[in-house]
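Undergrad: Hey, dropping coords36.tsv in here, TSV, C-alpha atoms (C1' of nucleotides):
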chain	number	residue	atom	x	y	z
A	107	MET	CA	-31.51	107.90	21.60
A	108	ALA	CA	-30.26	105.20	19.25
A	109	THR	CA	-28.51	102.25	20.84
A	110	GLY	CA	-24.82	102.79	21.47
A	111	THR	CA	-24.82	106.50	20.77
A	112	ALA	CA	-25.17	107.64	24.36
A	113	LEU	CA	-21.41	107.87	24.62
A	114	HIS	CA	-21.05	109.99	21.48
A	115	LEU	CA	-19.64	113.46	22.02
A	116	GLU	CA	-22.50	115.14	20.16
A	117	ASN	CA	-25.07	113.67	22.49
A	118	GLN	CA	-23.42	114.91	25.64
A	119	LEU	CA	-24.57	118.11	27.23
A	120	CYS	CA	-21.44	118.62	29.24
A	121	PHE	CA	-19.07	118.59	26.29
A	122	PRO	CA	-20.50	121.53	24.30
A	123	LEU	CA	-20.93	123.37	27.59
A	124	TYR	CA	-17.27	122.79	28.37
A	125	VAL	CA	-16.17	123.88	24.91
A	126	ALA	CA	-18.44	126.94	24.73
A	127	SER	CA	-17.31	128.11	28.12
A	128	ARG	CA	-13.64	127.87	27.17
A	129	LEU	CA	-14.14	129.53	23.78
A	130	LEU	CA	-16.17	132.38	25.21
A	131	THR	CA	-13.60	132.91	27.95
A	132	LYS	CA	-10.94	132.98	25.27
A	133	ALA	CA	-12.87	135.71	23.48
A	134	TYR	CA	-12.45	137.89	26.56
A	135	ALA	CA	-8.67	137.40	26.63
A	136	PRO	CA	-7.59	140.21	24.27
A	137	LEU	CA	-9.85	142.69	26.08
A	138	LEU	CA	-8.71	141.59	29.53
A	139	ASP	CA	-5.08	141.60	28.42
A	140	GLU	CA	-5.33	145.37	28.06
A	141	LEU	CA	-6.33	145.52	31.72
A	142	ASP	CA	-3.65	142.98	32.63
A	143	ILE	CA	-6.14	140.63	34.31
A	144	THR	CA	-7.38	137.10	33.69
A	145	TYR	CA	-10.99	136.04	33.28
A	146	PRO	CA	-11.43	134.70	36.85
A	147	GLN	CA	-9.79	137.88	38.14
A	148	TYR	CA	-12.31	139.85	36.06
A	149	LEU	CA	-15.14	137.93	37.72
A	150	VAL	CA	-13.81	138.81	41.18
A	151	LEU	CA	-13.63	142.46	40.16
A	152	LEU	CA	-17.19	142.32	38.78
A	153	ALA	CA	-18.33	140.99	42.16
A	154	LEU	CA	-16.45	143.73	44.02
A	155	TRP	CA	-17.64	146.48	41.69
A	156	GLU	CA	-21.17	145.35	42.51
A	157	SER	CA	-20.53	145.12	46.22
A	158	ASP	CA	-17.22	146.13	47.73
A	159	ARG	CA	-15.73	144.81	50.99
A	160	GLN	CA	-16.68	141.17	51.07
A	161	PRO	CA	-15.12	138.33	53.03
A	162	VAL	CA	-13.45	135.66	50.92
A	163	THR	CA	-16.21	133.12	51.48
A	164	ALA	CA	-18.92	135.57	50.37
A	165	LEU	CA	-17.02	136.14	47.15
A	166	GLY	CA	-16.73	132.39	46.81
A	167	GLN	CA	-20.47	131.90	47.17
A	168	ARG	CA	-21.09	134.54	44.54
A	169	LEU	CA	-18.62	132.98	42.08
A	170	TYR	CA	-19.06	129.33	43.03
A	171	LEU	CA	-15.39	129.12	43.95
A	172	ASP	CA	-13.69	127.88	47.09
A	173	THR	CA	-10.92	129.55	49.04
A	174	ASN	CA	-8.34	127.14	47.63
A	175	THR	CA	-8.88	128.90	44.31
A	176	LEU	CA	-9.67	132.36	45.63
A	177	THR	CA	-6.88	132.94	48.13
A	178	PRO	CA	-4.03	132.68	45.60
A	179	LEU	CA	-6.07	134.58	43.02
A	180	LEU	CA	-6.77	137.40	45.48
A	181	LYS	CA	-3.10	137.57	46.39
A	182	ARG	CA	-2.29	138.05	42.72
A	183	LEU	CA	-4.89	140.81	42.47
A	184	GLU	CA	-3.33	142.36	45.56
A	185	ARG	CA	0.16	142.17	44.02
A	186	LYS	CA	-1.23	144.00	40.99
A	187	GLY	CA	-2.52	146.66	43.36
A	188	LEU	CA	-6.17	146.16	42.46
A	189	VAL	CA	-7.53	144.90	45.79
A	190	ARG	CA	-6.59	144.89	49.45
A	191	ARG	CA	-7.05	142.00	51.87
A	192	GLU	CA	-7.61	142.99	55.47
A	193	ARG	CA	-8.23	140.74	58.44
A	194	SER	CA	-11.56	141.62	60.02
A	195	THR	CA	-11.34	143.05	63.53
A	196	GLU	CA	-14.79	141.81	64.58
A	197	ASP	CA	-14.17	138.23	63.48
A	198	GLU	CA	-10.48	137.49	63.19
A	199	ARG	CA	-11.18	134.46	61.02
A	200	LYS	CA	-12.47	136.62	58.19
A	201	VAL	CA	-10.44	138.41	55.57
A	202	ILE	CA	-12.25	141.33	53.99
A	203	VAL	CA	-11.47	141.97	50.35
A	204	ARG	CA	-11.89	145.50	49.09
A	205	LEU	CA	-11.02	147.44	45.96
A	206	SER	CA	-8.02	149.72	45.92
A	207	GLU	CA	-8.30	153.11	44.29
A	208	THR	CA	-6.81	151.61	41.14
A	209	GLY	CA	-9.15	148.65	41.26
A	210	ASP	CA	-12.12	150.94	41.61
A	211	GLN	CA	-11.02	153.08	38.68
A	212	LEU	CA	-10.47	150.04	36.47
A	213	ARG	CA	-14.24	149.75	36.29
A	214	GLN	CA	-14.39	152.60	33.77
A	215	ARG	CA	-11.95	150.86	31.46
A	216	ALA	CA	-13.89	147.61	31.77
A	217	ALA	CA	-17.24	149.21	31.03
A	218	CYS	CA	-16.92	148.63	27.28
A	219	ILE	CA	-16.17	144.91	27.56
A	220	PRO	CA	-19.74	143.51	27.63
A	221	GLU	CA	-20.80	145.26	24.45
A	222	LYS	CA	-17.57	144.35	22.70
A	223	ILE	CA	-18.15	140.69	23.53
A	224	THR	CA	-21.77	140.87	22.43
A	225	GLY	CA	-20.78	142.48	19.18
A	226	ALA	CA	-17.84	140.18	18.56
A	227	GLY	CA	-20.09	137.31	17.61
A	228	GLY	CA	-20.15	136.03	21.12
A	229	LYS	CA	-23.82	135.68	20.64
A	230	SER	CA	-24.77	137.65	17.57
A	231	ALA	CA	-26.21	134.55	15.93
A	232	LEU	CA	-28.81	134.32	18.65
A	233	SER	CA	-31.77	136.63	19.06
A	234	ARG	CA	-32.32	138.59	22.22
A	235	ARG	CA	-35.14	136.23	23.16
A	236	GLN	CA	-33.00	133.18	22.57
A	237	LEU	CA	-30.28	134.68	24.70
A	238	ASP	CA	-32.57	135.35	27.64
A	239	ASN	CA	-33.90	131.85	27.30
A	240	PHE	CA	-30.39	130.48	27.12
A	241	ARG	CA	-29.28	132.38	30.21
A	242	ARG	CA	-32.35	131.23	32.10
A	243	MET	CA	-31.61	127.60	31.30
A	244	LEU	CA	-28.04	128.00	32.44
A	245	TRP	CA	-29.13	129.43	35.76
A	246	GLN	CA	-31.75	126.71	36.15
A	247	MET	CA	-29.04	124.16	35.64
A	248	ILE	CA	-26.74	125.86	38.12
A	249	GLU	CA	-29.50	125.85	40.70
A	250	GLN	CA	-30.00	122.11	40.13
A	251	LEU	CA	-26.32	121.33	40.45
A	252	GLY	CA	-25.13	123.97	42.90
B	843	MET	CA	-30.34	146.94	29.65
B	844	ALA	CA	-30.51	149.48	32.45
B	845	THR	CA	-27.64	151.92	32.68
B	846	GLY	CA	-24.69	150.67	34.65
B	847	THR	CA	-25.86	147.08	34.90
B	848	ALA	CA	-23.88	145.75	31.94
B	849	LEU	CA	-21.08	144.79	34.29
B	850	HIS	CA	-23.36	142.89	36.66
B	851	LEU	CA	-22.66	139.18	36.96
B	852	GLU	CA	-26.26	138.23	36.26
B	853	ASN	CA	-26.22	139.98	32.92
B	854	GLN	CA	-23.16	138.20	31.64
B	855	LEU	CA	-23.53	135.17	29.45
B	856	CYS	CA	-20.04	133.93	30.06
B	857	PHE	CA	-20.35	133.72	33.82
B	858	PRO	CA	-23.27	131.27	34.09
B	859	LEU	CA	-21.70	129.31	31.24
B	860	TYR	CA	-18.47	129.09	33.19
B	861	VAL	CA	-20.25	128.07	36.40
B	862	ALA	CA	-22.58	125.56	34.75
B	863	SER	CA	-19.69	123.92	32.94
B	864	ARG	CA	-17.69	123.53	36.13
B	865	LEU	CA	-20.65	122.26	38.16
B	866	LEU	CA	-21.69	119.74	35.52
B	867	THR	CA	-18.11	118.53	35.22
B	868	LYS	CA	-18.04	118.15	38.97
B	869	ALA	CA	-21.16	116.00	38.77
B	870	TYR	CA	-19.19	113.55	36.64
B	871	ALA	CA	-16.38	113.29	39.18
B	872	PRO	CA	-17.75	110.51	41.44
B	873	LEU	CA	-18.59	108.39	38.38
B	874	LEU	CA	-15.23	108.97	36.74
B	875	ASP	CA	-13.41	108.36	40.00
B	876	GLU	CA	-14.55	104.75	39.81
B	877	LEU	CA	-12.79	104.50	36.45
B	878	ASP	CA	-9.79	106.42	37.78
B	879	ILE	CA	-9.99	109.06	35.04
B	880	THR	CA	-10.61	112.81	34.92
B	881	TYR	CA	-13.24	114.57	32.85
B	882	PRO	CA	-10.88	115.68	30.04
B	883	GLN	CA	-9.45	112.16	29.97
B	884	TYR	CA	-13.01	110.86	29.64
B	885	LEU	CA	-13.54	113.16	26.65
B	886	VAL	CA	-10.43	111.79	24.95
B	887	LEU	CA	-11.70	108.26	25.53
B	888	LEU	CA	-15.13	109.18	24.15
B	889	ALA	CA	-13.40	110.44	21.01
B	890	LEU	CA	-11.33	107.26	20.72
B	891	TRP	CA	-14.29	104.95	21.40
B	892	GLU	CA	-16.03	106.69	18.51
B	893	SER	CA	-13.01	106.49	16.25
B	894	ASP	CA	-9.82	104.75	17.30
B	895	ARG	CA	-6.30	105.49	16.01
B	896	GLN	CA	-6.24	109.23	15.57
B	897	PRO	CA	-3.26	111.56	15.40
B	898	VAL	CA	-2.99	114.03	18.28
B	899	THR	CA	-4.06	117.00	16.18
B	900	ALA	CA	-7.21	115.23	14.98
B	901	LEU	CA	-8.15	114.55	18.60
B	902	GLY	CA	-7.46	118.18	19.32
B	903	GLN	CA	-9.78	119.37	16.57
B	904	ARG	CA	-12.50	117.10	17.89
B	905	LEU	CA	-12.11	118.33	21.47
B	906	TYR	CA	-11.07	121.92	20.76
B	907	LEU	CA	-7.80	121.34	22.57
B	908	ASP	CA	-4.23	121.98	21.51
B	909	THR	CA	-1.26	119.65	21.82
B	910	ASN	CA	0.09	121.61	24.78
B	911	THR	CA	-2.88	120.28	26.71
B	912	LEU	CA	-3.24	116.93	24.96
B	913	THR	CA	0.34	115.65	24.99
B	914	PRO	CA	0.69	115.55	28.79
B	915	LEU	CA	-2.88	114.28	29.17
B	916	LEU	CA	-2.25	111.47	26.68
B	917	LYS	CA	0.94	110.53	28.48
B	918	ARG	CA	-1.04	110.21	31.69
B	919	LEU	CA	-3.60	108.02	29.90
B	920	GLU	CA	-0.70	105.95	28.58
B	921	ARG	CA	0.77	105.60	32.09
B	922	LYS	CA	-2.62	104.31	33.22
B	923	GLY	CA	-2.43	101.76	30.41
B	924	LEU	CA	-5.55	103.02	28.64
B	925	VAL	CA	-4.03	104.25	25.36
B	926	ARG	CA	-0.87	103.81	23.33
B	927	ARG	CA	0.99	106.52	21.44
B	928	GLU	CA	2.85	105.37	18.35
B	929	ARG	CA	4.87	107.44	15.92
B	930	SER	CA	3.38	107.09	12.44
B	931	THR	CA	5.64	105.38	9.91
B	932	GLU	CA	4.13	107.17	6.91
B	933	ASP	CA	4.49	110.64	8.40
B	934	GLU	CA	7.05	110.68	11.15
B	935	ARG	CA	5.69	113.94	12.49
B	936	LYS	CA	2.44	112.31	13.54
B	937	VAL	CA	1.77	110.39	16.70
B	938	ILE	CA	-1.15	108.00	16.41
B	939	VAL	CA	-3.19	107.52	19.57
B	940	ARG	CA	-5.01	104.24	19.94
B	941	LEU	CA	-6.88	102.43	22.68
B	942	SER	CA	-5.21	99.63	24.58
B	943	GLU	CA	-7.16	96.49	25.33
B	944	THR	CA	-7.94	97.91	28.76
B	945	GLY	CA	-8.96	101.27	27.31
B	946	ASP	CA	-11.29	99.56	24.87
B	947	GLN	CA	-12.88	97.48	27.60
B	948	LEU	CA	-13.40	100.52	29.81
B	949	ARG	CA	-16.16	101.54	27.42
B	950	GLN	CA	-18.49	98.97	28.96
B	951	ARG	CA	-17.99	100.38	32.41
B	952	ALA	CA	-18.54	103.93	31.12
B	953	ALA	CA	-21.74	103.05	29.28
B	954	CYS	CA	-23.93	103.85	32.27
B	955	ILE	CA	-22.50	107.32	32.87
B	956	PRO	CA	-24.71	109.39	30.50
B	957	GLU	CA	-27.96	108.12	31.97
B	958	LYS	CA	-26.68	108.51	35.50
B	959	ILE	CA	-25.83	112.13	34.78
B	960	THR	CA	-29.18	112.74	33.12
B	961	GLY	CA	-30.99	111.23	36.06
B	962	ALA	CA	-28.88	112.95	38.66
B	963	GLY	CA	-30.59	116.26	38.08
B	964	GLY	CA	-28.01	117.32	35.56
B	965	LYS	CA	-30.88	118.41	33.46
B	966	SER	CA	-33.98	116.88	34.92
B	967	ALA	CA	-35.53	120.30	35.40
B	968	LEU	CA	-35.49	120.82	31.66
B	969	SER	CA	-37.76	119.10	29.17
B	970	ARG	CA	-36.37	117.07	26.32
B	971	ARG	CA	-37.31	119.86	23.91
B	972	GLN	CA	-35.58	122.47	26.03
B	973	LEU	CA	-32.49	120.29	26.19
B	974	ASP	CA	-32.26	119.86	22.42
B	975	ASN	CA	-32.75	123.57	22.05
B	976	PHE	CA	-30.10	124.22	24.65
B	977	ARG	CA	-27.60	121.93	22.99
B	978	ARG	CA	-28.28	123.50	19.61
B	979	MET	CA	-27.60	126.98	20.99
B	980	LEU	CA	-24.35	125.79	22.54
B	981	TRP	CA	-23.17	124.36	19.23
B	982	GLN	CA	-24.24	127.49	17.42
B	983	MET	CA	-22.16	129.50	19.81
B	984	ILE	CA	-19.17	127.19	19.42
B	985	GLU	CA	-19.38	127.54	15.66
B	986	GLN	CA	-19.41	131.32	16.03
B	987	LEU	CA	-16.43	131.35	18.32
B	988	GLY	CA	-14.39	128.36	17.15
C	1447	DT	C1'	-16.23	127.54	81.71
C	1448	DA	C1'	-13.82	123.64	79.51
C	1449	DA	C1'	-14.11	120.62	75.55
C	1450	DG	C1'	-15.83	119.50	71.24
C	1451	DA	C1'	-17.84	121.14	66.95
C	1452	DT	C1'	-18.05	124.56	63.47
C	1453	DT	C1'	-16.36	128.31	60.60
C	1454	DA	C1'	-13.00	131.06	57.77
C	1455	DT	C1'	-9.00	131.01	55.59
C	1456	DA	C1'	-4.70	129.02	53.99
C	1457	DT	C1'	-1.72	125.43	52.00
C	1458	DC	C1'	-0.47	121.42	49.19
C	1459	DG	C1'	-0.54	118.37	45.24
C	1460	DT	C1'	-2.36	117.04	40.84
C	1461	DG	C1'	-4.37	117.96	36.50
C	1462	DT	C1'	-5.74	120.80	33.29
C	1463	DG	C1'	-5.84	125.12	29.66
C	1464	DC	C1'	-3.23	127.95	27.03
C	1465	DG	C1'	0.24	131.48	25.14
C	1466	DA	C1'	4.87	131.22	23.69
C	1467	DT	C1'	8.68	128.80	22.02
C	1468	DG	C1'	11.40	124.80	20.25
C	1469	DT	C1'	12.37	120.95	16.94
C	1470	DA	C1'	12.15	117.65	13.47
C	1471	DA	C1'	9.71	115.99	9.39
C	1472	DA	C1'	7.36	117.08	5.29
C	1473	DT	C1'	6.08	120.25	1.68
C	1474	DG	C1'	6.42	124.05	-1.55
C	1475	DT	C1'	9.15	126.70	-4.63
C	1476	DA	C1'	12.65	128.98	-7.19
D	553	DT	C1'	18.04	120.10	-5.67
D	554	DA	C1'	18.76	123.87	-2.07
D	555	DC	C1'	16.03	126.60	0.90
D	556	DA	C1'	12.15	128.73	2.99
D	557	DT	C1'	7.69	127.51	4.77
D	558	DT	C1'	4.47	124.74	6.91
D	559	DT	C1'	2.99	121.02	9.80
D	560	DA	C1'	2.89	117.98	13.98
D	561	DC	C1'	4.23	117.41	18.23
D	562	DA	C1'	6.68	118.59	22.51
D	563	DT	C1'	8.13	121.68	26.24
D	564	DC	C1'	7.87	125.58	29.41
D	565	DG	C1'	5.67	128.77	32.46
D	566	DC	C1'	1.75	130.61	34.63
D	567	DA	C1'	-2.89	130.66	36.37
D	568	DC	C1'	-6.58	128.41	37.54
D	569	DA	C1'	-9.88	124.41	39.80
D	570	DC	C1'	-10.39	121.41	43.31
D	571	DG	C1'	-9.91	117.45	46.74
D	572	DA	C1'	-7.57	116.93	50.93
D	573	DT	C1'	-5.57	118.69	54.91
D	574	DA	C1'	-4.06	122.22	58.38
D	575	DT	C1'	-4.79	126.02	61.66
D	576	DA	C1'	-6.70	129.52	64.25
D	577	DA	C1'	-10.92	131.83	65.80
D	578	DT	C1'	-15.61	131.40	67.13
D	579	DC	C1'	-19.57	129.02	68.69
D	580	DT	C1'	-22.10	125.21	71.30
D	581	DT	C1'	-23.08	122.72	74.87
D	582	DA	C1'	-22.62	119.88	78.65
Once you've parsed the file, please lay out its structure as structure tokens.
TA:
Amino acid sequence: MATGTALHLENQLCFPLYVASRLLTKAYAPLLDELDITYPQYLVLLALWESDRQPVTALGQRLYLDTNTLTPLLKRLERKGLVRRERSTEDERKVIVRLSETGDQLRQRAACIPEKITGAGGKSALSRRQLDNFRRMLWQMIEQLG
Amino acid sequence: MATGTALHLENQLCFPLYVASRLLTKAYAPLLDELDITYPQYLVLLALWESDRQPVTALGQRLYLDTNTLTPLLKRLERKGLVRRERSTEDERKVIVRLSETGDQLRQRAACIPEKITGAGGKSALSRRQLDNFRRMLWQMIEQLG
DNA sequence: TAAGATTATATCGTGTGCGATGTAAATGTA
DNA sequence: TACATTTACATCGCACACGATATAATCTTA
């Protein structure tokens, strides 16, 4: 790298990552608005649709989020009637998060989101192979940093 | 993609992007702590070190941020004594942001950050070629979405 | 088994992001 | 030149992220 250019925005890796993440999240907004949820709330629901009834910390490990972020978020999801939070009887420290009937049913309405994002130019400029490669690099990076 | 797996976290592109961005930002934290700045504040400084004296909107275009985010952030940078905000005399709508003496000097202390991040495993698992490829895909995506 | 360590969750404070709205300066137009 | 429109910035409200701290339950171990 040429002298003195290390601090240039273009040469950072973190900056385009930060921008791309925000822009792609923003692309979800109109679709998630229809479900009256935010993007992080959508991620929690994805995790629960995959595997219902998880303690808060398990959700956190899945989403790389701590309870200081999750607890208030889960309370909001509970207020919306999408999940329930129940203190575990076996281990009173744990709070088990599970989908409500409504939260479970929301899955049907969310089913179309991935394809809509894919089609919306979220990644249409990249080939399938590039995408897989891209995803693999992201996960490699997460493994390194996580 | 197999039926019913479109909603799985692994198959999303946005999710690993979101996680990787947060984790990489977090990797900067200890380095930026020494300079008493946050990651978005660091980005503003990078932009100013590249090109000083920019109106708020120009900074926003560079960083893909709006004034609702930038104005408070710039005020915090001003409180720290790193930048100055001055109403333009030619166009009284504009506020020109420029580095203070201290803000300018901070560049020296920040110079080591990129290499420290690179070395810290931020991307050590990826070859130089993979990295360039990765960065290119990110920018391609940003162009699509921005 | 009593005391210390660990675990699971919650709370607090600060700093973003961002949609929505407000306001003053500048520009376009009839 | 009046007046509508646009531009540049600021403000407000809400929802994250996250470091730091608190608290109760469980586990360890002497």
Undergrad: Which polymer residues have any atom within 10 Å of an atom of DA567 of chain D, counting all atoms listed in the file, with same-chain residues fewer than 6 positions away left out, as a PyMOL selection string?
TA: (chain A and resi 144+146+178-179+182) or (chain C and resi 1463-1464)
Undergrad: Pick from C:DG1450, C:DT1467, C:DT1475, C:DT1457: nearest to DA554 of chain D, with only C-alpha atoms (C1' of nucleotides) counted?
TA: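 When distances to DA554 of chain D are compared using only C-alpha atoms (C1' of nucleotides), the smallest one comes from C:DT1475.
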Undergrad: Could you check the closest approach to chain A for each of B:Leu912, B:Ala900, B:Ala862, B:Leu919 and tell me which residue wins, using only C-alpha atoms?
TA: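 The answer is B:Ala862, which sits nearest to chain A.
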Undergrad: Which neighbours of DC561 of chain D fall inside 10 Å, counting only C-alpha atoms (C1' of nucleotides), when residues of the same chain fewer than 5 positions from it are skipped, and could you give them as a PDB file with C-alpha atoms (C1' of nucleotides), keeping the file's coordinate frame?
TA:
ATOM      1  CA  PRO B 897      -3.260 111.560  15.400  1.00  0.00           C
ATOM      2  CA  VAL B 898      -2.990 114.030  18.280  1.00  0.00           C
ATOM      3  CA  THR B 899      -4.060 117.000  16.180  1.00  0.00           C
ATOM      4  CA  THR B 909      -1.260 119.650  21.820  1.00  0.00           C
ATOM      5  CA  ASN B 910       0.090 121.610  24.780  1.00  0.00           C
ATOM      6  CA  THR B 913       0.340 115.650  24.990  1.00  0.00           C
ATOM      7  CA  ARG B 935       5.690 113.940  12.490  1.00  0.00           C
ATOM      8  CA  LYS B 936       2.440 112.310  13.540  1.00  0.00           C
ATOM      9  CA  VAL B 937       1.770 110.390  16.700  1.00  0.00           C
TER      10      VAL B 937
ATOM     11  C1'  DT C1469      12.370 120.950  16.940  1.00  0.00           C
ATOM     12  C1'  DA C1470      12.150 117.650  13.470  1.00  0.00           C
TER      13       DA C1470
END
Undergrad: Please, which residues of chain D lie no more than 9 Å from chain B when the count uses all atoms listed in the file, and can they be set out as number ranges by chain?
TA: D: 559-563, 569
Undergrad: If you keep C-alpha atoms (C1' of nucleotides), can you produce a file of those selected residues as a short mmCIF file (atom, residue, chain, number, x, y, z; two decimals), in the coordinates of the input?
TA:
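Printed below is selection_35.cif as written:
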data_model
loop_
_atom_site.label_atom_id
_atom_site.label_comp_id
_atom_site.auth_asym_id
_atom_site.auth_seq_id
_atom_site.Cartn_x
_atom_site.Cartn_y
_atom_site.Cartn_z
"C1'" DT D 559 2.99 121.02 9.80
"C1'" DA D 560 2.89 117.98 13.98
"C1'" DC D 561 4.23 117.41 18.23
"C1'" DA D 562 6.68 118.59 22.51
"C1'" DT D 563 8.13 121.68 26.24
"C1'" DA D 569 -9.88 124.41 39.80
#
Undergrad: Residues of chain B within 8 Å of chain A, using only C-alpha atoms, as a PyMOL selection string?
TA: chain B and resi 848-851+854-867+869+885+888-889+892+905-906+953+956+963-965+967-968+976-977+979-984+986-988
Undergrad: Report, as AutoDock Vina command-line options, the centre and edge lengths in Å (one decimal) of the axis-aligned box enclosing every listed atom of segment 1447-1453 of chain C, padded by 4 Å on each side.
TA:
--center_x -15.9 --center_y 123.9 --center_z 71.2 --size_x 12.2 --size_y 16.8 --size_z 29.1
Undergrad: Which chain C residues are at most 8 Å from chain A (counting all atoms listed in the file), as a short mmCIF file (atom, residue, chain, number, x, y, z; two decimals) with C-alpha atoms (C1' of nucleotides), in the coordinates of the input?
TA:
data_model
loop_
_atom_site.label_atom_id
_atom_site.label_comp_id
_atom_site.auth_asym_id
_atom_site.auth_seq_id
_atom_site.Cartn_x
_atom_site.Cartn_y
_atom_site.Cartn_z
"C1'" DA C 1454 -13.00 131.06 57.77
"C1'" DT C 1455 -9.00 131.01 55.59
"C1'" DA C 1456 -4.70 129.02 53.99
#
Undergrad: So how far away is atom CA of Leu188 of chain A from atom CA of Thr208 of chain A, in Å?
TA: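 Straight-line distance from atom CA of Thr208 of chain A to atom CA of Leu188 of chain A works out to 5.6 Å.
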Undergrad: What does the distance from atom CA of Leu154 of chain A to atom CA of Val203 of chain A come to in Å, to one decimal?
TA: 8.2 Å
Undergrad: State, in Å with one decimal place, the distance from atom CA of Asp172 of chain A to atom C1' of DA576 of chain D.
TA: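 If I compute the distance from atom CA of Asp172 of chain A to atom C1' of DA576 of chain D, I get 18.6 Å.
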Undergrad: Smallest atom-to-atom distance to DA577 of chain D: which of C:DT1473, C:DT1462, C:DT1453, C:DG1468, using only C-alpha atoms (C1' of nucleotides)?
TA: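 Counting only C-alpha atoms (C1' of nucleotides), the residue closest to DA577 of chain D is C:DT1453.
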Undergrad: When you look at DA1476 of chain C with a cut-off of 12 Å (counting all atoms listed in the file), what residues show up, excluding the ones that are within fewer than 5 positions of it in the same chain? I need them as a list in words.
TA: DT553, DA554, DC555 and DA556 of chain D
Undergrad: Save the residues we just selected, C-alpha atoms (C1' of nucleotides), as a short mmCIF file (atom, residue, chain, number, x, y, z; two decimals), keeping the file's coordinate frame?
TA:
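The resulting file, again.cif, is shown below:
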data_model
loop_
_atom_site.label_atom_id
_atom_site.label_comp_id
_atom_site.auth_asym_id
_atom_site.auth_seq_id
_atom_site.Cartn_x
_atom_site.Cartn_y
_atom_site.Cartn_z
"C1'" DT D 553 18.04 120.10 -5.67
"C1'" DA D 554 18.76 123.87 -2.07
"C1'" DC D 555 16.03 126.60 0.90
"C1'" DA D 556 12.15 128.73 2.99
#
Undergrad: Rebuild all heavy atoms on segment 880-884 of chain B, as a PDB file, in the frame of the given file?
TA:
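After the write, rebuild12.pdb holds the following:
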ATOM      1  N   THR B 880     -10.069 111.462  34.752  1.00  0.00           N
ATOM      2  CA  THR B 880     -10.610 112.810  34.920  1.00  0.00           C
ATOM      3  C   THR B 880     -11.596 113.101  33.792  1.00  0.00           C
ATOM      4  O   THR B 880     -11.695 112.331  32.834  1.00  0.00           O
ATOM      5  CB  THR B 880      -9.496 113.858  34.858  1.00  0.00           C
ATOM      6  OG1 THR B 880      -8.960 113.853  33.535  1.00  0.00           O
ATOM      7  CG2 THR B 880      -8.402 113.539  35.861  1.00  0.00           C
ATOM      8  N   TYR B 881     -12.281 114.235  33.885  1.00  0.00           N
ATOM      9  CA  TYR B 881     -13.240 114.570  32.850  1.00  0.00           C
ATOM     10  C   TYR B 881     -12.599 114.781  31.472  1.00  0.00           C
ATOM     11  O   TYR B 881     -13.094 114.209  30.477  1.00  0.00           O
ATOM     12  CB  TYR B 881     -14.077 115.791  33.268  1.00  0.00           C
ATOM     13  CG  TYR B 881     -15.097 116.126  32.233  1.00  0.00           C
ATOM     14  CD1 TYR B 881     -16.203 115.312  32.050  1.00  0.00           C
ATOM     15  CD2 TYR B 881     -14.933 117.221  31.400  1.00  0.00           C
ATOM     16  CE1 TYR B 881     -17.124 115.588  31.061  1.00  0.00           C
ATOM     17  CE2 TYR B 881     -15.850 117.502  30.414  1.00  0.00           C
ATOM     18  CZ  TYR B 881     -16.944 116.686  30.247  1.00  0.00           C
ATOM     19  OH  TYR B 881     -17.839 116.962  29.264  1.00  0.00           O
ATOM     20  N   PRO B 882     -11.512 115.552  31.374  1.00  0.00           N
ATOM     21  CA  PRO B 882     -10.880 115.680  30.040  1.00  0.00           C
ATOM     22  C   PRO B 882     -10.368 114.345  29.518  1.00  0.00           C
ATOM     23  O   PRO B 882     -10.422 114.102  28.310  1.00  0.00           O
ATOM     24  CB  PRO B 882      -9.721 116.654  30.296  1.00  0.00           C
ATOM     25  CG  PRO B 882     -10.112 117.410  31.511  1.00  0.00           C
ATOM     26  CD  PRO B 882     -10.902 116.458  32.350  1.00  0.00           C
ATOM     27  N   GLN B 883      -9.897 113.494  30.398  1.00  0.00           N
ATOM     28  CA  GLN B 883      -9.450 112.160  29.970  1.00  0.00           C
ATOM     29  C   GLN B 883     -10.635 111.357  29.437  1.00  0.00           C
ATOM     30  O   GLN B 883     -10.522 110.632  28.439  1.00  0.00           O
ATOM     31  CB  GLN B 883      -8.777 111.428  31.134  1.00  0.00           C
ATOM     32  CG  GLN B 883      -7.422 112.020  31.502  1.00  0.00           C
ATOM     33  CD  GLN B 883      -6.881 111.517  32.826  1.00  0.00           C
ATOM     34  OE1 GLN B 883      -7.411 110.576  33.418  1.00  0.00           O
ATOM     35  NE2 GLN B 883      -5.827 112.158  33.306  1.00  0.00           N
ATOM     36  N   TYR B 884     -11.774 111.513  30.096  1.00  0.00           N
ATOM     37  CA  TYR B 884     -13.010 110.860  29.640  1.00  0.00           C
ATOM     38  C   TYR B 884     -13.384 111.337  28.241  1.00  0.00           C
ATOM     39  O   TYR B 884     -13.765 110.538  27.378  1.00  0.00           O
ATOM     40  CB  TYR B 884     -14.124 111.192  30.646  1.00  0.00           C
ATOM     41  CG  TYR B 884     -15.525 110.776  30.290  1.00  0.00           C
ATOM     42  CD1 TYR B 884     -15.883 109.442  30.163  1.00  0.00           C
ATOM     43  CD2 TYR B 884     -16.517 111.749  30.112  1.00  0.00           C
ATOM     44  CE1 TYR B 884     -17.184 109.072  29.861  1.00  0.00           C
ATOM     45  CE2 TYR B 884     -17.827 111.387  29.818  1.00  0.00           C
ATOM     46  CZ  TYR B 884     -18.158 110.050  29.700  1.00  0.00           C
ATOM     47  OH  TYR B 884     -19.446 109.701  29.405  1.00  0.00           O
TER      48      TYR B 884
END
